>>> print(open('structure19.cif').read())   # mmCIF, C-alpha atoms
data_target
loop_
_atom_site.label_atom_id
_atom_site.label_comp_id
_atom_site.auth_asym_id
_atom_site.auth_seq_id
_atom_site.Cartn_x
_atom_site.Cartn_y
_atom_site.Cartn_z
CA MET A 1 38.35 126.49 107.54
CA SER A 2 36.55 125.91 110.85
CA ASN A 3 38.36 125.26 114.11
CA ALA A 4 36.83 121.77 114.16
CA ILE A 5 38.88 120.66 111.16
CA ALA A 6 41.81 123.09 111.22
CA THR A 7 45.16 121.40 111.59
CA MET A 8 48.03 122.48 113.80
CA PRO A 9 51.76 122.00 113.21
CA THR A 10 53.17 118.74 114.54
CA LEU A 11 56.18 118.50 116.78
CA ALA A 12 58.19 117.20 113.82
CA ASP A 13 57.20 120.25 111.76
CA THR A 14 58.22 122.52 114.60
CA LEU A 15 61.61 120.94 115.19
CA TRP A 16 62.51 120.30 111.55
CA ARG A 17 60.99 122.71 109.09
CA ALA A 18 61.34 121.81 105.42
CA GLU A 19 59.62 122.67 102.17
CA GLY A 20 59.58 121.22 98.69
CA GLN A 21 62.12 118.54 97.91
CA ALA A 22 63.79 118.99 101.28
CA ARG A 23 60.52 117.98 102.93
CA TRP A 24 60.51 114.67 101.04
CA VAL A 25 64.05 113.99 102.24
CA ARG A 26 63.09 114.93 105.79
CA ASN A 27 60.05 112.66 105.71
CA ALA A 28 62.09 109.72 104.40
CA ILE A 29 64.59 110.17 107.21
CA LEU A 30 61.83 110.42 109.82
CA ILE A 31 60.09 107.32 108.46
CA LEU A 32 63.33 105.32 108.67
CA ALA A 33 64.03 106.66 112.15
CA GLY A 34 60.48 105.91 113.31
CA SER A 35 60.49 102.36 111.95
CA ALA A 36 63.87 101.79 113.62
CA LEU A 37 62.43 103.09 116.89
CA MET A 38 59.54 100.62 116.55
CA ALA A 39 61.97 97.74 116.02
CA ILE A 40 64.03 98.74 119.04
CA ALA A 41 60.93 99.19 121.20
CA ALA A 42 59.75 95.69 120.24
CA LYS A 43 62.88 94.20 121.78
CA ILE A 44 62.65 96.11 125.07
CA ASN A 45 61.15 94.09 127.91
CA VAL A 46 60.38 95.91 131.13
CA PRO A 47 59.70 93.57 134.08
CA MET A 48 56.13 94.01 135.28
CA ILE A 49 53.40 91.96 136.92
CA PRO A 50 51.74 89.84 135.57
CA VAL A 51 53.73 89.95 132.30
CA PRO A 52 56.77 91.89 131.01
CA MET A 53 55.97 95.08 129.13
CA THR A 54 57.37 95.91 125.70
CA MET A 55 57.54 99.52 124.59
CA GLN A 56 55.95 99.14 121.14
CA THR A 57 52.66 100.76 122.07
CA PHE A 58 54.51 103.67 123.66
CA ALA A 59 56.56 104.10 120.47
CA VAL A 60 53.39 104.06 118.34
CA LEU A 61 51.79 106.77 120.47
CA VAL A 62 54.87 109.00 120.53
CA ILE A 63 55.48 108.65 116.77
CA ALA A 64 51.82 109.37 116.03
CA MET A 65 51.68 112.51 118.15
CA ALA A 66 55.06 113.83 117.01
CA TYR A 67 54.58 113.08 113.29
CA GLY A 68 50.88 113.59 112.56
CA TRP A 69 48.63 111.07 110.83
CA ARG A 70 50.16 110.95 107.34
CA LEU A 71 53.78 110.61 108.37
CA ALA A 72 52.94 108.31 111.27
CA GLY A 73 50.83 106.12 108.99
CA ALA A 74 53.67 105.92 106.46
CA THR A 75 56.11 105.06 109.24
CA LEU A 76 53.97 102.20 110.51
CA LEU A 77 53.42 100.92 106.97
CA ALA A 78 57.20 100.92 106.49
CA TYR A 79 57.64 99.06 109.77
CA LEU A 80 55.06 96.43 108.81
CA ALA A 81 56.62 96.07 105.35
CA GLU A 82 60.03 95.49 106.92
CA GLY A 83 58.53 92.76 109.05
CA ALA A 84 56.62 91.24 106.13
CA ILE A 85 59.79 90.71 104.10
CA GLY A 86 61.34 88.86 107.02
CA LEU A 87 63.38 91.45 108.87
CA PRO A 88 63.34 90.62 112.62
CA VAL A 89 61.69 93.90 113.62
CA PHE A 90 58.86 92.42 115.68
CA ALA A 91 59.08 91.22 119.26
CA SER A 92 59.99 87.65 118.27
CA GLY A 93 61.08 87.83 114.65
CA GLY A 94 59.46 88.72 111.36
CA GLY A 95 57.84 87.32 108.23
CA LEU A 96 54.32 86.84 106.94
CA LEU A 97 53.73 83.75 109.08
CA TYR A 98 54.58 85.76 112.18
CA MET A 99 52.17 88.49 111.10
CA ALA A 100 49.42 85.90 110.65
CA GLY A 101 50.01 84.61 114.18
CA PRO A 102 48.43 85.64 117.48
CA THR A 103 49.95 89.13 117.47
CA GLY A 104 48.88 89.94 113.91
CA GLY A 105 45.83 91.91 114.97
CA TYR A 106 47.89 94.10 117.26
CA LEU A 107 50.24 94.94 114.38
CA VAL A 108 47.30 96.12 112.28
CA GLY A 109 46.08 98.01 115.35
CA PHE A 110 49.41 99.82 115.51
CA PHE A 111 48.78 101.34 112.08
CA VAL A 112 45.16 102.27 112.84
CA ALA A 113 46.17 103.80 116.18
CA ALA A 114 49.03 105.75 114.60
CA VAL A 115 46.72 107.32 112.01
CA THR A 116 44.00 108.08 114.56
CA VAL A 117 46.26 109.51 117.25
CA GLY A 118 48.24 111.44 114.64
CA PHE A 119 45.00 112.97 113.37
CA LEU A 120 44.06 114.02 116.90
CA ALA A 121 47.53 115.46 117.47
CA GLU A 122 47.08 117.68 114.43
CA ARG A 123 43.96 119.02 116.15
CA GLY A 124 45.97 120.02 119.23
CA TRP A 125 45.27 117.02 121.44
CA ASP A 126 48.99 116.61 122.14
CA ARG A 127 49.52 120.04 123.68
CA GLY A 128 48.33 119.29 127.22
CA PRO A 129 48.24 116.22 129.49
CA ILE A 130 44.45 115.77 129.41
CA GLY A 131 44.13 115.82 125.63
CA THR A 132 47.23 113.67 125.24
CA PHE A 133 45.94 111.14 127.76
CA ALA A 134 42.60 110.97 125.95
CA ALA A 135 44.19 110.54 122.51
CA ASN A 136 46.57 107.88 123.80
CA THR A 137 43.72 106.05 125.48
CA ILE A 138 41.79 106.00 122.21
CA GLY A 139 44.85 104.75 120.33
CA THR A 140 45.55 102.01 122.87
CA PHE A 141 41.89 100.97 122.80
CA LEU A 142 42.07 100.58 119.01
CA ILE A 143 45.19 98.43 119.28
CA PHE A 144 43.41 96.14 121.73
CA VAL A 145 40.26 96.01 119.57
CA PHE A 146 42.13 94.78 116.50
CA GLY A 147 44.34 92.48 118.52
CA LEU A 148 41.37 91.00 120.36
CA ALA A 149 39.34 90.51 117.17
CA TRP A 150 42.12 88.57 115.42
CA LEU A 151 42.99 86.54 118.52
CA THR A 152 39.33 85.61 118.99
CA TYR A 153 39.20 84.43 115.39
CA LEU A 154 42.32 82.29 115.80
CA VAL A 155 41.02 80.72 119.02
CA SER A 156 37.67 80.01 117.37
CA LEU A 157 39.43 78.03 114.63
CA SER A 158 40.17 75.29 117.17
CA GLY A 159 36.57 74.17 116.65
CA ASP A 160 35.85 73.21 120.24
CA LYS A 161 34.83 76.68 121.44
CA THR A 162 31.90 78.93 120.70
CA LEU A 163 32.63 82.48 119.58
CA ALA A 164 31.77 83.74 123.07
CA GLU A 165 34.17 81.24 124.63
CA ALA A 166 36.88 82.16 122.14
CA PHE A 167 36.35 85.83 122.98
CA GLY A 168 36.75 85.06 126.69
CA VAL A 169 40.00 83.20 126.07
CA ALA A 170 41.27 86.06 123.90
CA VAL A 171 40.47 88.65 126.58
CA ALA A 172 42.12 86.57 129.30
CA ASN A 173 45.30 86.07 127.28
CA GLY A 174 45.50 89.09 125.01
CA VAL A 175 44.11 91.98 127.05
CA THR A 176 43.91 91.44 130.80
CA PRO A 177 47.63 90.68 131.38
CA PHE A 178 48.64 93.83 129.53
CA LEU A 179 46.29 96.40 131.05
CA ILE A 180 48.71 97.66 133.72
CA GLY A 181 51.44 98.09 131.13
CA ALA A 182 49.04 99.86 128.78
CA VAL A 183 48.00 102.38 131.40
CA THR A 184 51.66 102.95 132.29
CA LYS A 185 52.57 103.69 128.67
CA ILE A 186 49.57 105.96 128.18
CA ALA A 187 50.57 107.94 131.26
CA LEU A 188 54.22 108.11 130.19
CA ALA A 189 53.35 109.35 126.70
CA SER A 190 50.97 111.89 128.27
CA ILE A 191 53.92 113.35 130.14
CA VAL A 192 56.49 113.22 127.33
CA LEU A 193 54.52 114.97 124.58
CA PRO A 194 53.25 118.02 126.53
CA LEU A 195 56.72 118.39 128.04
CA ALA A 196 58.27 118.32 124.57
CA TRP A 197 55.85 121.02 123.42
CA LYS A 198 56.60 123.11 126.48
CA THR A 199 60.30 122.81 125.74
CA PHE A 200 60.36 123.14 121.95
CA GLY A 201 57.02 124.69 121.00
CA LYS A 202 58.40 128.22 121.13
CA LEU A 203 60.70 127.37 118.22
CA ARG A 204 57.79 127.62 115.79
#
>>> encode(input="structure19.cif", output="structure tokens")
Amino acid sequence: MSNAIATMPTLADTLWRAEGQARWVRNAILILAGSALMAIAAKINVPMIPVPMTMQTFAVLVIAMAYGWRLAGATLLAYLAEGAIGLPVFASGGGLLYMAGPTGGYLVGFFVAAVTVGFLAERGWDRGPIGTFAANTIGTFLIFVFGLAWLTYLVSLSGDKTLAEAFGVAVANGVTPFLIGAVTKIALASIVLPLAWKTFGKLR
């Protein structure tokens, strides 16, 4: 296998080694823990200008880099499923109607970002601050892309705006106010993951 596609052990694999049936049990526990972390992060509001910052994106990035793409993807699917059946795991509640609302695109973006960033982590992008920052930037960009696309669609349904005008409204309300918080969370995750590897990587 070439270095371009070779995978590296995740932080979860390093800290909690398991094989066979024990690995299934470990994964189930990590999925439940990760989805719980997402729910908790959704309720955290950090005062910032111009809008408060939740920690969901940070949780997505950390879970993705610590778990790898398969386990992170499963964790985000579990989180979305919990919200779909009505559990109040999102920032302001739960249920299918909530998921079809203005934040629905961001929720889909969480899953896509988790898989993408997890894939990059398995290629060693989480071992140093530069790679981690790049992977987290890509993941955050994907979250905004899906969120912006859905928000643009919803705004366009009003019927009194062109697609370009709807896009402008979506950017002004769904991206611009959150950029400072996004950069902050990218930077924070870029510190946490390399530090965790520096501390625990020798256990492998």
>>> resolve_selection(input="structure19.cif", expression="the PyMOL selection byres ((chain A and resi 187) around 12)", output="mmCIF file with C-alpha atoms, in the frame of the given file")
data_model
loop_
_atom_site.group_PDB
_atom_site.id
_atom_site.type_symbol
_atom_site.label_atom_id
_atom_site.label_comp_id
_atom_site.auth_asym_id
_atom_site.auth_seq_id
_atom_site.Cartn_x
_atom_site.Cartn_y
_atom_site.Cartn_z
ATOM 1 C CA THR A 57 52.660 100.760 122.070
ATOM 2 C CA PHE A 58 54.510 103.670 123.660
ATOM 3 C CA LEU A 61 51.790 106.770 120.470
ATOM 4 C CA VAL A 62 54.870 109.000 120.530
ATOM 5 C CA PRO A 129 48.240 116.220 129.490
ATOM 6 C CA ILE A 130 44.450 115.770 129.410
ATOM 7 C CA GLY A 131 44.130 115.820 125.630
ATOM 8 C CA THR A 132 47.230 113.670 125.240
ATOM 9 C CA PHE A 133 45.940 111.140 127.760
ATOM 10 C CA ALA A 134 42.600 110.970 125.950
ATOM 11 C CA ALA A 135 44.190 110.540 122.510
ATOM 12 C CA ASN A 136 46.570 107.880 123.800
ATOM 13 C CA THR A 137 43.720 106.050 125.480
ATOM 14 C CA THR A 140 45.550 102.010 122.870
ATOM 15 C CA ILE A 180 48.710 97.660 133.720
ATOM 16 C CA GLY A 181 51.440 98.090 131.130
ATOM 17 C CA ALA A 182 49.040 99.860 128.780
ATOM 18 C CA VAL A 183 48.000 102.380 131.400
ATOM 19 C CA THR A 184 51.660 102.950 132.290
ATOM 20 C CA LYS A 185 52.570 103.690 128.670
ATOM 21 C CA ILE A 186 49.570 105.960 128.180
ATOM 22 C CA LEU A 188 54.220 108.110 130.190
ATOM 23 C CA ALA A 189 53.350 109.350 126.700
ATOM 24 C CA SER A 190 50.970 111.890 128.270
ATOM 25 C CA ILE A 191 53.920 113.350 130.140
ATOM 26 C CA VAL A 192 56.490 113.220 127.330
ATOM 27 C CA LEU A 193 54.520 114.970 124.580
ATOM 28 C CA PRO A 194 53.250 118.020 126.530
#
>>> residues_around(input="structure19.cif", residues="Met53 (chain A)", least_positions_apart="6", cutoff="8 Å", atoms="only C-alpha atoms", output="PyMOL selection string")
chain A and resi 44-47+178+181
>>> resolve_selection(input="structure19.cif", expression="the PyMOL selection byres ((chain A and resi 79) around 10)", output="MDAnalysis selection string")
chainID A and resid 31:32 34:39 73:78 80:84 87 89:90 107 111
>>> residues_near_point(input="structure19.cif", point="(51.0, 85.3, 114.3)", cutoff="12 Å", atoms="all atoms listed in the file", output="JSON, numbers by chain")
{"A": [83, 84, 90, 91, 92, 93, 94, 95, 96, 97, 98, 99, 100, 101, 102, 103, 104, 105, 106, 107, 108, 147, 150, 151, 153, 154, 155]}
>>> atom_distance(input="structure19.cif", atom1="CA of Ala22 (chain A)", atom2="CA of Arg70 (chain A)")
16.9 Å
>>> residues_around(input="structure19.cif", residues="Phe144 (chain A)", least_positions_apart="5", cutoff="9 Å", atoms="all atoms listed in the file", output="ChimeraX atom specification")
/A:105-106,109,139,149,174-175
>>> atom_distance(input="structure19.cif", atom1="CA of Leu163 (chain A)", atom2="CA of Leu148 (chain A)")
12.2 Å
>>> atom_distance(input="structure19.cif", atom1="CA of Trp16 (chain A)", atom2="CA of Ala113 (chain A)")
23.7 Å
>>> closest_residue(input="structure19.cif", among="A:Ala114, A:Ala172, A:Val60, A:Leu142", to="Ile40 (chain A)", atoms="only C-alpha atoms")
A:Val60
>>> closest_residue(input="structure19.cif", among="A:Gln56, A:Ile138, A:Val169, A:Ala42", to="Leu120 (chain A)", atoms="all atoms listed in the file")
A:Ile138
>>> closest_residue(input="structure19.cif", among="A:Thr152, A:Pro88, A:Arg127, A:Leu71", to="Val115 (chain A)", atoms="all atoms listed in the file")
A:Leu71
>>> residues_around(input="structure19.cif", residues="Trp197 (chain A)", least_positions_apart="3", cutoff="12 Å", atoms="only C-alpha atoms", output="list of chain:residue names")
A:Pro9, A:Thr10, A:Leu11, A:Ala12, A:Asp13, A:Thr14, A:Leu15, A:Met65, A:Ala66, A:Ala121, A:Gly124, A:Trp125, A:Asp126, A:Arg127, A:Gly128, A:Pro129, A:Thr132, A:Ser190, A:Ile191, A:Val192, A:Leu193, A:Pro194, A:Phe200, A:Gly201, A:Lys202, A:Leu203, A:Arg204
>>> axis_aligned_box(input="structure19.cif", around="region 111-115 of chain A", padding_each_side="4 Å", output="lines of an AutoDock Vina configuration file")
center_x = 47.1
center_y = 104.3
center_z = 114.1
size_x = 11.9
size_y = 14.0
size_z = 12.2
